Structures are given as C-alpha cells and as structure tokens.
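Raw final.txt, compact mmCIF, C-alpha atoms:
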# COMPACT_ATOMS: atom_id res chain seq x y z
CA MET A 131 -18.53 -7.49 2.70
CA SER A 132 -15.40 -8.64 0.92
CA LYS A 133 -14.96 -5.73 -1.51
CA LYS A 134 -12.94 -2.77 -0.25
CA ILE A 135 -11.18 0.32 -1.50
CA ALA A 136 -7.52 0.53 -0.55
CA ILE A 137 -5.66 3.81 -0.15
CA TYR A 138 -1.98 3.44 0.67
CA GLY A 139 1.47 4.93 0.32
CA VAL A 140 4.18 6.80 2.20
CA TYR A 141 3.32 9.84 4.32
CA GLU A 142 4.96 12.49 6.47
CA THR A 143 3.70 13.26 9.92
CA LYS A 144 4.89 14.79 13.17
CA ALA A 145 5.70 12.28 15.86
CA ARG A 146 7.65 12.07 19.10
CA VAL A 147 10.78 10.11 18.29
CA PRO A 148 13.97 9.36 20.25
CA VAL A 149 16.86 11.55 19.09
CA PRO A 150 20.47 11.09 20.29
CA GLN A 151 21.85 14.21 21.95
CA ARG A 152 25.33 14.83 23.35
CA TYR A 153 25.73 15.82 27.00
CA LEU A 154 28.74 16.78 29.13
CA LYS A 155 29.54 15.25 32.48
CA LYS A 156 32.20 16.62 34.86
CA ARG A 157 34.80 13.99 35.73
CA ARG A 158 37.40 16.03 37.61
CA ALA A 159 38.00 13.69 40.50
CA TYR A 160 38.07 10.65 38.25
CA SER A 161 40.54 12.25 35.85
CA TYR A 162 42.76 13.35 38.73
CA MET A 163 42.96 9.83 40.03
CA ARG A 164 43.80 8.30 36.66
CA LYS A 165 46.39 10.77 35.49
CA GLY A 166 47.87 11.48 38.93
CA LYS A 167 47.50 15.25 38.65
CA GLN A 168 44.86 17.96 38.56
CA ILE A 169 43.67 18.63 34.98
CA LYS A 170 41.88 21.58 33.38
CA VAL A 171 38.12 21.95 33.64
CA ALA A 172 37.56 21.48 29.87
CA ALA A 173 39.62 18.31 29.75
CA GLY A 174 37.83 16.88 32.77
CA LYS A 175 34.47 16.86 31.05
CA GLN A 176 33.25 13.60 29.63
CA ARG A 177 30.97 13.68 26.63
CA TYR A 178 28.23 11.11 26.35
CA TRP A 179 25.10 10.44 24.30
CA ARG A 180 21.58 10.22 25.63
CA LYS A 181 18.37 9.53 23.71
CA VAL A 182 15.84 12.30 24.26
CA MET A 183 12.29 12.50 22.89
CA ARG A 184 11.63 15.22 20.29
CA THR A 185 8.72 16.05 18.02
CA LYS A 186 10.03 15.61 14.48
CA LYS A 187 8.76 15.08 10.96
CA VAL A 188 8.92 11.39 10.19
CA GLU A 189 8.11 9.25 7.17
CA ALA A 190 5.91 6.22 7.57
CA LYS A 191 3.93 3.74 5.48
CA GLY A 192 0.24 3.15 5.99
CA ARG A 193 -2.86 1.73 4.46
CA TYR A 194 -6.62 2.21 4.76
CA GLU A 195 -9.09 -0.44 3.65
CA PHE A 196 -12.53 1.17 3.38
CA THR A 197 -15.82 -0.63 3.05
CA GLY A 198 -19.17 1.03 2.49
CA ARG A 199 -21.34 2.89 0.02
CA GLY A 200 -20.34 5.34 -2.71
CA LYS A 201 -20.94 8.64 -0.93
CA ASP A 202 -19.29 7.51 2.30
CA LEU A 203 -16.32 6.13 0.37
CA TYR A 204 -15.91 9.40 -1.50
CA LYS A 205 -15.91 11.40 1.75
CA ALA A 206 -13.60 8.90 3.46
CA ILE A 207 -11.05 9.09 0.62
CA ALA A 208 -11.16 12.90 0.78
CA LYS A 209 -10.65 12.73 4.56
CA ALA A 210 -7.80 10.25 4.14
CA HIS A 211 -5.77 13.08 2.64
CA THR A 212 -5.70 14.84 6.01
CA TYR A 213 -5.61 11.87 8.37
CA MET A 214 -2.85 9.39 7.61
CA PRO A 215 -3.39 5.73 8.55
CA ARG A 216 -1.69 4.28 11.60
CA ASP A 217 -0.14 1.22 9.93
CA TYR A 218 -2.90 -1.05 8.59
CA VAL A 219 -6.43 0.23 9.19
CA GLU A 220 -9.48 -1.73 8.07
CA VAL A 221 -12.59 0.30 8.81
CA PRO A 222 -16.08 1.01 7.43
CA ALA A 223 -16.05 4.42 5.70
CA LYS A 224 -18.96 5.66 7.84
CA GLU A 225 -17.15 4.89 11.11
CA PHE A 226 -13.97 6.55 9.84
CA LEU A 227 -15.90 9.72 8.97
CA GLU A 228 -17.34 9.91 12.48
CA LYS A 229 -13.99 9.65 14.29
CA PRO A 230 -11.08 10.10 11.85
CA GLU A 231 -8.61 11.02 14.61
CA GLU A 232 -9.16 7.60 16.18
CA TYR A 233 -7.87 5.80 13.07
CA GLY A 234 -5.30 8.26 11.74
CA VAL A 235 -2.88 11.06 12.48
CA ARG A 236 -2.56 14.43 10.73
CA GLY A 237 0.00 14.50 7.96
CA GLU A 238 0.41 14.41 4.21
CA TRP A 239 1.12 11.79 1.57
CA VAL A 240 4.53 12.08 -0.08
CA ASP A 241 5.83 10.94 -3.44
CA ARG A 242 7.92 7.84 -2.72
CA GLU A 243 8.37 4.45 -4.35
CA VAL A 244 5.86 1.96 -2.96
CA GLU A 245 5.85 -1.77 -3.60
CA SER A 246 2.95 -3.45 -5.34
CA PRO A 247 -0.06 -3.68 -3.01
CA MET B 21 -8.92 10.17 -20.07
CA ILE B 22 -8.91 10.71 -16.30
CA GLU B 23 -5.43 11.46 -15.00
CA LYS B 24 -6.19 14.36 -12.68
CA TRP B 25 -5.03 12.64 -9.48
CA SER B 26 -2.43 15.01 -8.06
CA HIS B 27 -2.23 13.34 -4.63
CA HIS B 28 0.62 11.02 -3.71
CA SER B 29 -1.51 8.25 -2.26
CA ILE B 30 -2.39 5.19 -4.35
CA LEU B 31 -5.92 3.89 -4.77
CA GLY B 32 -6.68 0.21 -5.23
CA PHE B 33 -9.38 -2.41 -5.15
CA THR B 34 -9.30 -5.16 -2.52
CA ASP B 35 -11.33 -8.35 -2.55
CA SER B 36 -10.89 -11.83 -1.10
CA GLU B 37 -13.46 -13.57 -3.33
CA THR B 38 -12.10 -12.50 -6.72
CA VAL B 39 -9.12 -14.27 -8.23
CA MET B 40 -6.61 -11.58 -9.22
CA LEU B 41 -3.05 -11.91 -10.50
CA ASP B 42 -0.29 -9.30 -10.65
CA LEU B 43 2.07 -10.45 -13.41
CA ASP B 44 5.17 -8.25 -13.62
CA ASP B 45 8.05 -8.53 -16.07
CA MET B 46 6.10 -10.70 -18.51
CA SER B 47 5.15 -10.33 -22.16
CA PHE B 48 1.49 -9.92 -23.11
CA ARG B 49 1.65 -13.28 -24.91
CA SER B 50 2.78 -15.07 -21.70
CA VAL B 51 0.17 -13.25 -19.61
CA LYS B 52 -2.58 -14.36 -21.99
CA TYR B 53 -1.23 -17.94 -21.95
CA TRP B 54 -1.25 -18.11 -18.14
CA ALA B 55 -4.67 -16.45 -17.89
CA LEU B 56 -6.18 -18.97 -20.34
CA ARG B 57 -4.46 -21.95 -18.73
CA THR B 58 -5.57 -20.89 -15.22
CA MET B 59 -9.13 -20.22 -16.38
CA ASN B 60 -9.41 -23.66 -17.98
CA TRP B 61 -7.72 -25.54 -15.10
CA PHE B 62 -9.84 -23.99 -12.33
CA GLN B 63 -12.97 -23.30 -14.43
CA LEU B 64 -12.97 -19.58 -13.67
CA GLY B 65 -15.41 -18.60 -16.44
CA GLY B 66 -13.62 -15.66 -18.01
CA PHE B 67 -10.98 -13.01 -17.44
CA ILE B 68 -9.84 -9.49 -18.24
CA ILE B 69 -6.25 -8.37 -18.64
CA LEU B 70 -5.20 -4.85 -17.63
CA ARG B 71 -1.87 -3.30 -18.58
CA SER B 72 -0.46 -1.38 -15.58
CA SER B 73 2.89 -0.40 -17.11
CA ASP B 74 5.46 -1.71 -19.58
CA ARG B 75 5.57 -5.55 -19.28
CA CYS B 76 3.34 -5.40 -16.16
CA TYR B 77 -0.19 -6.78 -16.31
CA HIS B 78 -3.11 -7.49 -13.97
CA VAL B 79 -5.55 -10.35 -14.54
CA VAL B 80 -9.03 -10.55 -12.97
CA PHE B 81 -11.14 -13.74 -13.24
CA ASP B 82 -14.91 -13.96 -13.27
CA ARG B 83 -15.93 -16.79 -10.92
CA LYS B 84 -16.54 -16.12 -7.23
CA VAL B 85 -14.28 -18.24 -5.02
CA SER B 86 -13.45 -18.61 -1.34
CA TRP B 87 -10.26 -17.09 0.06
CA THR B 88 -8.65 -20.55 0.32
CA GLN B 89 -9.48 -21.35 -3.32
CA ASN B 90 -8.25 -17.91 -4.35
CA MET B 91 -4.84 -18.50 -2.81
CA THR B 92 -4.71 -22.00 -4.31
CA VAL B 93 -5.10 -20.50 -7.80
CA VAL B 94 -2.51 -17.74 -7.26
CA ALA B 95 -0.01 -20.17 -5.70
CA TRP B 96 -0.51 -22.59 -8.63
CA VAL B 97 0.29 -19.86 -11.19
CA SER B 98 3.20 -18.59 -9.08
CA LEU B 99 4.72 -22.07 -8.85
CA LEU B 100 4.35 -23.02 -12.51
CA SER B 101 5.23 -19.68 -14.08
CA HIS B 102 8.39 -19.21 -11.92
CA ASN B 103 7.53 -15.52 -11.63
CA LYS B 104 9.37 -14.16 -8.57
CA ASP B 105 7.35 -10.92 -8.49
CA LEU B 106 4.11 -12.88 -8.43
CA HIS B 107 5.45 -14.99 -5.57
CA ARG B 108 6.29 -11.86 -3.59
CA TRP B 109 2.87 -10.37 -4.37
CA LEU B 110 1.24 -13.63 -3.20
CA GLU B 111 3.07 -13.40 0.14
CA MET B 112 1.84 -9.85 0.67
CA GLN B 113 -1.76 -10.87 -0.11
CA CYS B 114 -1.53 -13.77 2.35
CA ILE B 115 -0.54 -11.33 5.12
CA LYS B 116 -3.55 -9.10 4.36
CA GLN B 117 -5.90 -12.02 3.68
CA ALA B 118 -7.27 -10.22 0.61
CA SER B 119 -5.95 -9.47 -2.88
CA THR B 120 -5.39 -5.88 -3.99
CA LEU B 121 -4.86 -4.45 -7.45
CA ARG B 122 -4.00 -0.85 -8.22
CA ILE B 123 -6.69 1.28 -9.87
CA GLY B 124 -5.23 4.78 -9.68
CA PRO B 125 -1.94 6.15 -11.02
CA LYS B 126 1.33 5.58 -9.14
CA ARG B 127 4.26 7.99 -9.50
CA ASP B 128 5.12 7.99 -13.24
CA LYS B 129 2.77 5.08 -14.04
CA GLY B 130 -0.77 5.74 -15.22
CA SER B 131 -3.95 3.90 -14.28
CA PRO B 132 -4.13 0.29 -15.52
CA ARG B 133 -5.97 -0.06 -18.89
CA ILE B 134 -8.07 -2.99 -20.09
CA VAL B 135 -6.27 -4.65 -23.00
CA SER B 136 -8.06 -7.97 -23.33
CA ARG B 137 -11.35 -9.68 -22.40
CA TYR B 138 -12.24 -13.34 -22.66
CA GLY B 139 -15.25 -15.47 -21.66
CA GLU B 140 -17.92 -14.55 -19.12
CA GLN B 141 -17.83 -11.03 -17.72
CA ASP B 142 -20.95 -10.72 -15.57
CA GLY B 143 -19.68 -12.17 -12.28
CA GLN B 144 -16.74 -10.86 -10.27
CA ILE B 145 -15.43 -8.92 -13.27
CA ALA B 146 -18.63 -6.83 -13.32
CA GLY B 147 -18.12 -6.10 -9.60
CA PHE B 148 -14.46 -5.19 -10.17
CA LEU B 149 -15.36 -2.84 -13.05
CA LYS B 150 -18.11 -1.22 -10.95
CA TYR B 151 -15.63 -0.40 -8.18
CA ARG B 152 -13.08 0.70 -10.78
CA ARG B 153 -15.59 3.16 -12.25
CA MET B 154 -16.44 4.43 -8.78
CA ILE B 155 -12.78 4.99 -7.86
CA LYS B 156 -12.14 6.76 -11.18
CA ARG B 157 -15.18 8.99 -10.59
CA ILE B 158 -13.91 9.86 -7.09
CA MET B 159 -10.46 10.66 -8.54
CA LYS B 160 -12.01 12.83 -11.24
CA ASN B 161 -14.19 14.76 -8.76
CA MET B 162 -11.32 15.28 -6.33
CA GLY B 163 -9.04 16.35 -9.18
CA GLU B 164 -11.57 18.96 -10.27
CA MET B 165 -11.89 20.27 -6.72
CA ASP B 166 -8.10 20.88 -6.39

Reformat the file's structure so that it appears as structure tokens.
Amino acid sequence: MSKKIAIYGVYETKARVPVPQRYLKKRRAYSYMRKGKQIKVAAGKQRYWRKVMRTKKVEAKGRYEFTGRGKDLYKAIAKAHTYMPRDYVEVPAKEFLEKPEEYGVRGEWVDREVESP
Amino acid sequence: MIEKWSHHSILGFTDSETVMLDLDDMSFRSVKYWALRTMNWFQLGGFIILRSSDRCYHVVFDRKVSWTQNMTVVAWVSLLSHNKDLHRWLEMQCIKQASTLRIGPKRDKGSPRIVSRYGEQDGQIAGFLKYRRMIKRIMKNMGEMD
C-alpha cells in the first residue's frame, strides 16, 4: 500500500545523555616536583572534565508513517501523542497499536519550526 | 472550518504513486503555469492546486505513476523552474522514497486550501482528497476530545 499518513515534528523526551562534569584530582607530588616546594592542598588539586551519563530532557525530531484503515489510523494518531517516534518509523497502524513502546518513547510534541516534509 | 488541532505535531499525506509538488515562494500565476505545463508534458490528466500559506502552493496530479516516473516529473519541474525550495523538497522525498504534503496546520500556518482544479479528478486526486477528509475528521474528533 503506497498511501500513508505522516505525523512528524519536534518532541521532548527523557533520555540518558552524556553531560560534562568537573572533577578534582589531587596532584600534590606532581606539583611539588614541578615547583620545587610543597604547595597548599587547594592549589595541588587539578580540575578536569569527565562525561557522565544523566537522564535529561532532550529535544529530537521524529516521524511516523502509518498505513492501515480509518479506525486504526485514528487510534494510532491518538497514541502518537504519547509515544514519540524514534527517528523515522514506518509501521502499519494496527501493529503500532499492539506494541507502541517498541516503536516510540514517551514524550510530548513541542512547538518548533519544522522544515517542509 | 476545522482548525481545532491544538497539538504540536504536523499531519501529512504520503504517497509514492501520486505526483505532488511543493512550490514555495511563487506567485499563483507561476504555479498554475508550471502545473499546466507539467500536466501537458507528462500527460498527467488533471491537477488541483492548494494554497498552504502566502506564496506557497501544493500541486497534486491525477494520473497514477511509478516512483521513478514520479521523481522524473518533480526533477523536471525543479530543473526548469529554478525553484531552490522545490529542489530541496525533492531531495528530502528521494531520501524517504515517497512524497509528502502537509494536510494539517503548522505553527501559525493553517491547513492548505484548494484554490484551483483542472482536468480529470477521479484518479489519484480522488484518493488524495479521501485521505485529506479522513485526516481532517481525525483532527476534528481529537480537537473536540481535548
């Protein structure tokens, strides 16, 4: 079947993303060697960045392409307002209704500028 | 008038066998010229023109074609009309391997309205309008539920 209903846009969802966080590392011995004298504890700490995983609200683009009959399409479009598409999802409406969590993640559509389809 | 869609998602119609054009930044006169010229050159039977926003129009042709033929027609119009937006739209359709036109409202833009009809209307145009009616009915029902 070549005819489909497209539902697309920008959405917000919670996802585990890498976030840079600053850490402190003690460098007393190293500092002593470089400067030739014992330094204070605070000055002997080296700050560095590490990427840690956090659950955050992120914005993403996605698109559903539904095929099927009227009633299934209606239910699928209603369901698509709870389950956001993981990138590009082409699926029969009936299959999507059976297992929506397999094709999408929980989130909500947000009002952002989207390019022509 | 059905403009009760309060959700931020956009609804559209996708098909690989219907020749569809998205002509942005063009006057209605030019759109009609290109629609007529394309219809005559490729013998597409008839067409409808929908106005999606100011100086933005959609064209849907009546004859059923293969995906390869479909892209031939769109590429021909894109090349001769020198419309950069159409060229970009063509690239996006090639990635998806199907053409999509918007049916529902998008941000401050309303749903596309039919502004012109020409020639045969009982082929792919009838199918497009059937889906358009169905999407509008879904939008109306969901709007009433909210």

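Note that atom CA of B:Phe33 and atom CA of B:Leu149 are 9.9 Å apart.
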
Any idea which chain B residues end up within 6 Å of chain A if we count all atoms listed in the file, as a PyMOL selection string please?
chain B and resi 28-36+120+158

In Å, rounded to a single decimal, give me how far atom CA of A:Gly198 is from atom CA of A:Glu228.
13.5 Å

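Excluding B:Cys76 itself and same-chain residues fewer than 4 positions from it, the residues having an atom within 9 Å of it are Asp42, Leu43, Asp44, Asp45, Met46, Ser47, Phe48, Leu70, Arg71 and Ser72 of chain B, counting all atoms listed in the file.
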
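If you look at atom CA of B:Leu121 and atom CA of B:Gly143, they are 17.4 Å away from each other.
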
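Nearest residue to B:Gly147 among B:Arg108, B:His102, B:Lys84, B:Lys116 is B:Lys84, counting all atoms listed in the file.
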
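Summary of the local environment: counting only C-alpha atoms, residues at most 8 Å from B:Ile69, other than itself and those fewer than 3 positions away along its chain, are Lys52, Tyr77, His78, Val79, Val80, Ile134, Val135, Ser136 and Arg137 of chain B.
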
Would you pick out the contacts of A:Lys144 at 9 Å or less, using all atoms listed in the file, so that residues sharing its chain but fewer than 2 positions from it are not included, and give the list as a PyMOL selection string?
chain A and resi 142+146+185-189+235-237

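Each of B:Ala118, B:Leu64, B:Met162, B:Leu100 was compared to B:His27 using all atoms listed in the file, and B:Met162 turns out to be the nearest.
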